[in-house]
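To be precise, the following lines are model14.cif, and they hold mmCIF, N, CA and C atoms.
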data_target
loop_
_atom_site.label_atom_id
_atom_site.label_comp_id
_atom_site.auth_asym_id
_atom_site.auth_seq_id
_atom_site.Cartn_x
_atom_site.Cartn_y
_atom_site.Cartn_z
N MET A 1 6.54 32.27 -4.75
CA MET A 1 5.54 32.43 -3.70
C MET A 1 4.20 32.68 -4.37
N THR A 2 3.17 32.00 -3.92
CA THR A 2 1.85 32.19 -4.49
C THR A 2 1.18 33.38 -3.82
N TRP A 3 0.13 33.90 -4.42
CA TRP A 3 -0.53 35.07 -3.86
C TRP A 3 -1.11 34.79 -2.49
N ALA A 4 -1.57 33.55 -2.25
CA ALA A 4 -2.16 33.20 -0.96
C ALA A 4 -1.11 33.20 0.14
N SER A 5 0.13 32.82 -0.17
CA SER A 5 1.16 32.78 0.85
C SER A 5 1.60 34.19 1.26
N PHE A 6 1.24 35.20 0.47
CA PHE A 6 1.56 36.58 0.81
C PHE A 6 0.96 36.97 2.15
N TYR A 7 -0.18 36.38 2.48
CA TYR A 7 -0.88 36.72 3.71
C TYR A 7 -0.38 35.94 4.92
N LEU A 8 0.55 35.04 4.73
CA LEU A 8 1.11 34.26 5.82
C LEU A 8 2.20 35.05 6.53
N PRO A 9 2.48 34.71 7.80
CA PRO A 9 3.62 35.35 8.48
C PRO A 9 4.90 35.06 7.71
N ILE A 10 5.90 35.88 7.89
CA ILE A 10 7.17 35.77 7.16
C ILE A 10 7.77 34.36 7.26
N ASP A 11 7.77 33.76 8.49
CA ASP A 11 8.35 32.42 8.66
C ASP A 11 7.64 31.40 7.77
N ALA A 12 6.32 31.51 7.69
CA ALA A 12 5.56 30.57 6.87
C ALA A 12 5.83 30.80 5.39
N GLN A 13 6.01 32.06 4.99
CA GLN A 13 6.33 32.36 3.60
C GLN A 13 7.66 31.72 3.21
N MET A 14 8.65 31.81 4.10
CA MET A 14 9.97 31.24 3.83
C MET A 14 9.86 29.71 3.71
N ALA A 15 9.08 29.10 4.60
CA ALA A 15 8.93 27.64 4.56
C ALA A 15 8.24 27.21 3.27
N ALA A 16 7.26 28.00 2.82
CA ALA A 16 6.54 27.67 1.59
C ALA A 16 7.47 27.71 0.39
N GLN A 17 8.45 28.62 0.40
CA GLN A 17 9.40 28.71 -0.70
C GLN A 17 10.37 27.55 -0.69
N GLU A 18 10.63 26.94 0.47
CA GLU A 18 11.61 25.88 0.58
C GLU A 18 11.03 24.50 0.34
N GLU A 19 9.72 24.37 0.14
CA GLU A 19 9.12 23.06 -0.10
C GLU A 19 9.68 22.45 -1.36
N PRO A 20 10.01 21.16 -1.34
CA PRO A 20 10.53 20.52 -2.56
C PRO A 20 9.43 20.40 -3.61
N HIS A 21 9.84 20.46 -4.84
CA HIS A 21 8.91 20.30 -5.95
C HIS A 21 9.23 18.98 -6.63
N TYR A 22 8.21 18.17 -6.82
CA TYR A 22 8.40 16.86 -7.41
C TYR A 22 7.92 16.89 -8.85
N HIS A 23 8.73 16.35 -9.71
CA HIS A 23 8.39 16.35 -11.13
C HIS A 23 7.57 15.14 -11.52
N HIS A 24 7.71 14.06 -10.78
CA HIS A 24 6.98 12.83 -11.07
C HIS A 24 6.35 12.34 -9.80
N GLU A 25 5.18 11.71 -9.91
CA GLU A 25 4.52 11.15 -8.74
C GLU A 25 5.42 10.13 -8.04
N SER A 26 6.23 9.42 -8.81
CA SER A 26 7.09 8.40 -8.23
C SER A 26 8.20 9.00 -7.37
N ASP A 27 8.47 10.31 -7.50
CA ASP A 27 9.50 10.97 -6.70
C ASP A 27 8.98 11.40 -5.34
N GLN A 28 7.67 11.44 -5.16
CA GLN A 28 7.09 11.95 -3.93
C GLN A 28 7.25 10.97 -2.79
N PRO A 29 7.59 11.48 -1.60
CA PRO A 29 7.69 10.57 -0.46
C PRO A 29 6.31 10.09 -0.05
N GLN A 30 6.24 8.88 0.45
CA GLN A 30 4.99 8.33 0.95
C GLN A 30 4.92 8.57 2.44
N ALA A 31 3.83 8.13 3.05
CA ALA A 31 3.68 8.23 4.49
C ALA A 31 4.88 7.60 5.16
N GLY A 32 5.35 8.24 6.21
CA GLY A 32 6.52 7.73 6.92
C GLY A 32 7.82 8.16 6.26
N GLY A 33 7.74 9.03 5.22
CA GLY A 33 8.93 9.57 4.61
C GLY A 33 9.62 8.64 3.61
N ARG A 34 9.04 7.50 3.31
CA ARG A 34 9.68 6.57 2.38
C ARG A 34 9.37 6.97 0.95
N GLN A 35 10.28 6.70 0.06
CA GLN A 35 10.04 6.91 -1.36
C GLN A 35 9.15 5.79 -1.88
N ARG A 36 8.40 6.07 -2.92
CA ARG A 36 7.56 5.05 -3.53
C ARG A 36 8.46 3.93 -4.02
N GLU A 37 8.08 2.71 -3.73
CA GLU A 37 8.90 1.57 -4.12
C GLU A 37 8.72 1.30 -5.61
N GLN A 38 9.56 0.44 -6.14
CA GLN A 38 9.51 0.09 -7.55
C GLN A 38 8.15 -0.48 -7.91
N ALA A 39 7.89 -0.58 -9.19
CA ALA A 39 6.60 -1.06 -9.67
C ALA A 39 6.28 -2.45 -9.11
N LEU A 40 5.01 -2.67 -8.88
CA LEU A 40 4.57 -3.96 -8.34
C LEU A 40 4.62 -5.01 -9.44
N PRO A 41 5.04 -6.22 -9.10
CA PRO A 41 5.08 -7.29 -10.11
C PRO A 41 3.67 -7.65 -10.58
N GLU A 42 3.53 -7.83 -11.89
CA GLU A 42 2.21 -8.13 -12.45
C GLU A 42 1.71 -9.51 -12.03
N ASP A 43 2.61 -10.42 -11.76
CA ASP A 43 2.21 -11.78 -11.41
C ASP A 43 2.07 -11.98 -9.90
N ALA A 44 2.08 -10.90 -9.15
CA ALA A 44 2.02 -11.00 -7.69
C ALA A 44 0.66 -11.53 -7.23
N LEU A 45 0.70 -12.29 -6.16
CA LEU A 45 -0.51 -12.76 -5.50
C LEU A 45 -1.05 -11.60 -4.68
N LEU A 46 -2.28 -11.16 -4.97
CA LEU A 46 -2.91 -10.08 -4.22
C LEU A 46 -3.66 -10.67 -3.03
N ILE A 47 -3.32 -10.20 -1.83
CA ILE A 47 -4.01 -10.68 -0.63
C ILE A 47 -4.62 -9.50 0.09
N ASP A 48 -5.93 -9.56 0.26
CA ASP A 48 -6.70 -8.58 1.01
C ASP A 48 -6.74 -9.07 2.46
N VAL A 49 -6.15 -8.30 3.37
CA VAL A 49 -6.05 -8.76 4.76
C VAL A 49 -7.19 -8.23 5.64
N ARG A 50 -8.20 -7.63 5.01
CA ARG A 50 -9.36 -7.16 5.76
C ARG A 50 -10.27 -8.33 6.12
N SER A 51 -11.30 -8.03 6.88
CA SER A 51 -12.27 -9.08 7.24
C SER A 51 -13.03 -9.52 6.00
N TYR A 52 -13.67 -10.68 6.10
CA TYR A 52 -14.45 -11.20 4.97
C TYR A 52 -15.58 -10.23 4.61
N ALA A 53 -16.21 -9.62 5.60
CA ALA A 53 -17.30 -8.67 5.34
C ALA A 53 -16.77 -7.45 4.56
N GLU A 54 -15.60 -6.95 4.93
CA GLU A 54 -15.01 -5.82 4.21
C GLU A 54 -14.65 -6.23 2.78
N TYR A 55 -14.11 -7.41 2.64
CA TYR A 55 -13.75 -7.94 1.33
C TYR A 55 -14.99 -8.02 0.43
N MET A 56 -16.08 -8.55 0.96
CA MET A 56 -17.31 -8.69 0.18
C MET A 56 -17.93 -7.34 -0.17
N ALA A 57 -17.64 -6.31 0.62
CA ALA A 57 -18.17 -4.97 0.32
C ALA A 57 -17.45 -4.34 -0.87
N GLY A 58 -16.29 -4.85 -1.21
CA GLY A 58 -15.54 -4.35 -2.36
C GLY A 58 -14.08 -4.72 -2.26
N HIS A 59 -13.56 -5.33 -3.32
CA HIS A 59 -12.17 -5.78 -3.34
C HIS A 59 -11.61 -5.67 -4.76
N LEU A 60 -10.31 -5.83 -4.88
CA LEU A 60 -9.68 -5.81 -6.19
C LEU A 60 -9.90 -7.13 -6.90
N PRO A 61 -10.05 -7.11 -8.22
CA PRO A 61 -10.21 -8.36 -8.97
C PRO A 61 -8.99 -9.26 -8.75
N ASP A 62 -9.23 -10.53 -8.67
CA ASP A 62 -8.20 -11.56 -8.49
C ASP A 62 -7.54 -11.55 -7.12
N ALA A 63 -8.05 -10.73 -6.19
CA ALA A 63 -7.48 -10.71 -4.83
C ALA A 63 -8.09 -11.83 -4.00
N HIS A 64 -7.30 -12.36 -3.11
CA HIS A 64 -7.74 -13.41 -2.20
C HIS A 64 -7.95 -12.80 -0.82
N CYS A 65 -9.01 -13.20 -0.16
CA CYS A 65 -9.28 -12.71 1.19
C CYS A 65 -8.57 -13.61 2.20
N LEU A 66 -7.69 -13.01 2.98
CA LEU A 66 -6.99 -13.72 4.04
C LEU A 66 -6.86 -12.76 5.21
N PRO A 67 -7.91 -12.69 6.06
CA PRO A 67 -7.91 -11.73 7.16
C PRO A 67 -6.67 -11.87 8.05
N LEU A 68 -6.21 -10.75 8.52
CA LEU A 68 -4.99 -10.71 9.33
C LEU A 68 -5.00 -11.70 10.48
N PRO A 69 -6.11 -11.88 11.23
CA PRO A 69 -6.06 -12.85 12.33
C PRO A 69 -5.79 -14.29 11.91
N GLN A 70 -6.13 -14.65 10.66
CA GLN A 70 -5.89 -16.02 10.18
C GLN A 70 -4.63 -16.16 9.33
N MET A 71 -3.94 -15.04 9.14
CA MET A 71 -2.79 -15.02 8.23
C MET A 71 -1.76 -16.10 8.55
N SER A 72 -1.30 -16.17 9.77
CA SER A 72 -0.20 -17.09 10.10
C SER A 72 -0.60 -18.56 9.91
N HIS A 73 -1.90 -18.86 10.04
CA HIS A 73 -2.35 -20.25 9.92
C HIS A 73 -2.60 -20.69 8.48
N LEU A 74 -3.01 -19.74 7.63
CA LEU A 74 -3.47 -20.12 6.29
C LEU A 74 -2.59 -19.67 5.13
N VAL A 75 -1.66 -18.78 5.36
CA VAL A 75 -0.89 -18.23 4.25
C VAL A 75 -0.06 -19.29 3.53
N SER A 76 0.45 -20.26 4.25
CA SER A 76 1.28 -21.28 3.61
C SER A 76 0.48 -22.13 2.62
N GLN A 77 -0.84 -22.25 2.83
CA GLN A 77 -1.69 -22.97 1.87
C GLN A 77 -1.88 -22.14 0.61
N MET A 78 -2.00 -20.82 0.78
CA MET A 78 -2.25 -19.94 -0.35
C MET A 78 -0.95 -19.62 -1.10
N ALA A 79 0.15 -19.53 -0.35
CA ALA A 79 1.44 -19.17 -0.96
C ALA A 79 2.54 -20.06 -0.39
N PRO A 80 2.65 -21.29 -0.90
CA PRO A 80 3.67 -22.19 -0.37
C PRO A 80 5.10 -21.78 -0.71
N ASP A 81 5.27 -21.04 -1.82
CA ASP A 81 6.60 -20.58 -2.23
C ASP A 81 6.93 -19.29 -1.48
N HIS A 82 7.92 -19.33 -0.62
CA HIS A 82 8.29 -18.17 0.19
C HIS A 82 8.99 -17.06 -0.61
N ASP A 83 9.33 -17.34 -1.87
CA ASP A 83 9.96 -16.34 -2.72
C ASP A 83 9.01 -15.74 -3.75
N ALA A 84 7.78 -16.23 -3.80
CA ALA A 84 6.80 -15.73 -4.76
C ALA A 84 6.41 -14.29 -4.41
N PRO A 85 6.14 -13.45 -5.42
CA PRO A 85 5.74 -12.07 -5.14
C PRO A 85 4.33 -12.00 -4.56
N ILE A 86 4.20 -11.28 -3.46
CA ILE A 86 2.92 -11.11 -2.78
C ILE A 86 2.72 -9.63 -2.50
N VAL A 87 1.53 -9.13 -2.78
CA VAL A 87 1.16 -7.76 -2.46
C VAL A 87 -0.03 -7.82 -1.50
N LEU A 88 0.13 -7.20 -0.35
CA LEU A 88 -0.90 -7.16 0.68
C LEU A 88 -1.59 -5.80 0.65
N TYR A 89 -2.89 -5.80 0.91
CA TYR A 89 -3.58 -4.52 1.03
C TYR A 89 -4.73 -4.64 2.02
N CYS A 90 -5.22 -3.49 2.47
CA CYS A 90 -6.36 -3.42 3.38
C CYS A 90 -7.11 -2.13 3.07
N SER A 91 -7.62 -1.46 4.08
CA SER A 91 -8.34 -0.21 3.85
C SER A 91 -7.39 0.97 3.67
N SER A 92 -6.37 1.03 4.52
CA SER A 92 -5.46 2.17 4.48
C SER A 92 -3.99 1.79 4.45
N GLY A 93 -3.67 0.53 4.68
CA GLY A 93 -2.29 0.09 4.67
C GLY A 93 -1.77 -0.35 6.03
N GLY A 94 -2.49 -0.04 7.10
CA GLY A 94 -2.05 -0.39 8.45
C GLY A 94 -2.01 -1.88 8.71
N ARG A 95 -3.11 -2.54 8.43
CA ARG A 95 -3.15 -4.00 8.63
C ARG A 95 -2.23 -4.70 7.65
N ALA A 96 -2.11 -4.16 6.45
CA ALA A 96 -1.20 -4.75 5.46
C ALA A 96 0.25 -4.65 5.96
N GLU A 97 0.58 -3.58 6.65
CA GLU A 97 1.93 -3.43 7.21
C GLU A 97 2.17 -4.46 8.31
N GLN A 98 1.15 -4.72 9.13
CA GLN A 98 1.27 -5.75 10.16
C GLN A 98 1.46 -7.12 9.51
N ALA A 99 0.68 -7.39 8.47
CA ALA A 99 0.79 -8.67 7.76
C ALA A 99 2.15 -8.79 7.09
N LEU A 100 2.68 -7.70 6.57
CA LEU A 100 4.00 -7.71 5.95
C LEU A 100 5.06 -8.16 6.96
N GLY A 101 5.03 -7.57 8.14
CA GLY A 101 5.98 -7.96 9.18
C GLY A 101 5.85 -9.43 9.56
N LEU A 102 4.62 -9.89 9.67
CA LEU A 102 4.36 -11.29 10.02
C LEU A 102 4.93 -12.22 8.95
N LEU A 103 4.65 -11.94 7.69
CA LEU A 103 5.13 -12.79 6.61
C LEU A 103 6.66 -12.76 6.51
N GLN A 104 7.25 -11.62 6.74
CA GLN A 104 8.71 -11.56 6.72
C GLN A 104 9.30 -12.40 7.85
N ARG A 105 8.69 -12.36 9.01
CA ARG A 105 9.16 -13.20 10.12
C ARG A 105 8.98 -14.68 9.81
N MET A 106 7.99 -14.99 8.97
CA MET A 106 7.74 -16.39 8.58
C MET A 106 8.67 -16.84 7.45
N GLY A 107 9.48 -15.94 6.92
CA GLY A 107 10.43 -16.31 5.89
C GLY A 107 10.06 -15.91 4.47
N TYR A 108 8.97 -15.18 4.28
CA TYR A 108 8.60 -14.72 2.95
C TYR A 108 9.52 -13.57 2.56
N THR A 109 10.06 -13.62 1.36
CA THR A 109 11.10 -12.68 0.97
C THR A 109 10.66 -11.63 -0.05
N ASN A 110 9.54 -11.83 -0.71
CA ASN A 110 9.13 -10.93 -1.79
C ASN A 110 7.72 -10.41 -1.54
N VAL A 111 7.53 -9.81 -0.37
CA VAL A 111 6.21 -9.33 0.06
C VAL A 111 6.24 -7.81 0.13
N ARG A 112 5.16 -7.19 -0.30
CA ARG A 112 5.06 -5.72 -0.25
C ARG A 112 3.72 -5.29 0.32
N ASN A 113 3.73 -4.15 0.95
CA ASN A 113 2.50 -3.52 1.42
C ASN A 113 1.99 -2.65 0.28
N GLY A 114 0.85 -3.03 -0.27
CA GLY A 114 0.24 -2.27 -1.36
C GLY A 114 -0.58 -1.09 -0.88
N GLY A 115 -0.75 -0.95 0.46
CA GLY A 115 -1.52 0.17 1.00
C GLY A 115 -3.01 -0.11 1.01
N GLY A 116 -3.78 0.93 0.75
CA GLY A 116 -5.23 0.82 0.74
C GLY A 116 -5.75 0.29 -0.58
N ALA A 117 -6.92 -0.31 -0.54
CA ALA A 117 -7.51 -0.95 -1.73
C ALA A 117 -7.73 0.04 -2.87
N ILE A 118 -8.26 1.19 -2.58
CA ILE A 118 -8.58 2.16 -3.64
C ILE A 118 -7.31 2.68 -4.29
N ALA A 119 -6.32 3.05 -3.48
CA ALA A 119 -5.06 3.56 -4.03
C ALA A 119 -4.34 2.48 -4.82
N LEU A 120 -4.33 1.27 -4.31
CA LEU A 120 -3.68 0.17 -5.03
C LEU A 120 -4.39 -0.11 -6.35
N GLY A 121 -5.72 -0.06 -6.31
CA GLY A 121 -6.48 -0.25 -7.54
C GLY A 121 -6.11 0.77 -8.60
N LYS A 122 -5.93 2.03 -8.20
CA LYS A 122 -5.52 3.06 -9.16
C LYS A 122 -4.13 2.76 -9.70
N THR A 123 -3.22 2.35 -8.81
CA THR A 123 -1.86 2.02 -9.24
C THR A 123 -1.86 0.88 -10.25
N LEU A 124 -2.69 -0.12 -10.00
CA LEU A 124 -2.73 -1.30 -10.87
C LEU A 124 -3.67 -1.12 -12.07
N GLY A 125 -4.44 -0.05 -12.09
CA GLY A 125 -5.40 0.17 -13.16
C GLY A 125 -6.60 -0.75 -13.06
N LYS A 126 -6.97 -1.10 -11.83
CA LYS A 126 -8.09 -2.00 -11.61
C LYS A 126 -9.16 -1.30 -10.78
N SER A 127 -10.40 -1.65 -11.03
CA SER A 127 -11.52 -1.10 -10.28
C SER A 127 -11.94 -2.05 -9.17
N ILE A 128 -12.46 -1.48 -8.12
CA ILE A 128 -13.00 -2.28 -7.01
C ILE A 128 -14.24 -3.00 -7.51
N GLU A 129 -14.33 -4.30 -7.21
CA GLU A 129 -15.51 -5.07 -7.60
C GLU A 129 -16.23 -5.57 -6.34
N HIS A 130 -17.52 -5.82 -6.51
CA HIS A 130 -18.34 -6.26 -5.37
C HIS A 130 -18.83 -7.67 -5.58
#
Let me see the file written as structure tokens.
Amino acid sequence: MTWASFYLPIDAQMAAQEEPHYHHESDQPQAGGRQREQALPEDALLIDVRSYAEYMAGHLPDAHCLPLPQMSHLVSQMAPDHDAPIVLYCSSGGRAEQALGLLQRMGYTNVRNGGGAIALGKTLGKSIEH
């Protein structure tokens, strides 16, 4: 128990003691309670599903802009192989999750939600470029 938790009600002190401790960042659950997925493939096609204006304001190097509203019409031109690794990202991961579902329904088998641009950039060791 930390000194600050001493001032909490007893129930809160007990809950603070029961919190899991993670030894590695990869062990921590992500939003929605899911564990962090395996490492992203280095040869994956990066697709930014934000609007073109958002993309131009800052995006990951080598990422392609394919806004979510145009995804179903244009993705087959950008990724004709339905088994090729694809990583989708947006501002926070919400639109990328929608795009993930869409691509899976279209038959793409190796697609992942990379989350938000900044977090994905840190994971990949890449800086946002303008």
Taking into account all atoms listed in the file, which residue in the set A:Met106, A:Leu66, A:Val111, A:Leu40 is nearest to Leu88 (chain A)?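 So, comparing all the options, the nearest one is A:Val111.
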Across A:Pro80, A:Gly58, A:Gly115, A:Pro67, the smallest distance to Glu97 (chain A), with only C-alpha atoms counted, is shown by A:Gly115
(message) Here's the selection I'm unsure about, the PyMOL selection byres (((chain A and resi 47 and name CA) around 6) and name CA); applied to the file above, which residues does it give, as a ChimeraX atom specification?
(response) /A:46,48,63-65,88
A straight line from CA of Leu74 (chain A) to CA of Ile86 (chain A) spans 14.3 Å
With the file shown as input, list the residues that the PyMOL selection byres ((chain A and resi 85) around 6) selects, as a PyMOL selection string. chain A and resi 43-45+83-84+86-87+110-111
Taking N, CA and C atoms for each residue, export the selection above as a JSON list (two decimals), keeping the file's coordinate frame.
[["chain", "number", "residue", "atom", "x", "y", "z"],
["A", 43, "ASP", "N", 2.61, -10.42, -11.76],
["A", 43, "ASP", "CA", 2.21, -11.78, -11.41],
["A", 43, "ASP", "C", 2.07, -11.98, -9.90],
["A", 44, "ALA", "N", 2.08, -10.90, -9.15],
["A", 44, "ALA", "CA", 2.02, -11.00, -7.69],
["A", 44, "ALA", "C", 0.66, -11.53, -7.23],
["A", 45, "LEU", "N", 0.70, -12.29, -6.16],
["A", 45, "LEU", "CA", -0.51, -12.76, -5.50],
["A", 45, "LEU", "C", -1.05, -11.60, -4.68],
["A", 83, "ASP", "N", 9.33, -17.34, -1.87],
["A", 83, "ASP", "CA", 9.96, -16.34, -2.72],
["A", 83, "ASP", "C", 9.01, -15.74, -3.75],
["A", 84, "ALA", "N", 7.78, -16.23, -3.80],
["A", 84, "ALA", "CA", 6.80, -15.73, -4.76],
["A", 84, "ALA", "C", 6.41, -14.29, -4.41],
["A", 86, "ILE", "N", 4.20, -11.28, -3.46],
["A", 86, "ILE", "CA", 2.92, -11.11, -2.78],
["A", 86, "ILE", "C", 2.72, -9.63, -2.50],
["A", 87, "VAL", "N", 1.53, -9.13, -2.78],
["A", 87, "VAL", "CA", 1.16, -7.76, -2.46],
["A", 87, "VAL", "C", -0.03, -7.82, -1.50],
["A", 110, "ASN", "N", 9.54, -11.83, -0.71],
["A", 110, "ASN", "CA", 9.13, -10.93, -1.79],
["A", 110, "ASN", "C", 7.72, -10.41, -1.54],
["A", 111, "VAL", "N", 7.53, -9.81, -0.37],
["A", 111, "VAL", "CA", 6.21, -9.33, 0.06],
["A", 111, "VAL", "C", 6.24, -7.81, 0.13]]
- Item | Expansion of the PyMOL selection byres (((chain A and resi 55 and name CA) around 12) and name CA) into residues, as a list in words |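 What the PyMOL selection byres (((chain A and resi 55 and name CA) around 12) and name CA) grabs from the file is Ile47, Asp48, Val49, Arg50, Ser51, Tyr52, Ala53, Glu54, Met56, Ala57, Gly58, His59, Leu60, Pro61, Asp62, Ala63, His64, Cys65, Leu66, Pro67, Tyr89, Cys90, Ser91, Ala117, Ile128, Glu129 and His130 of chain A.
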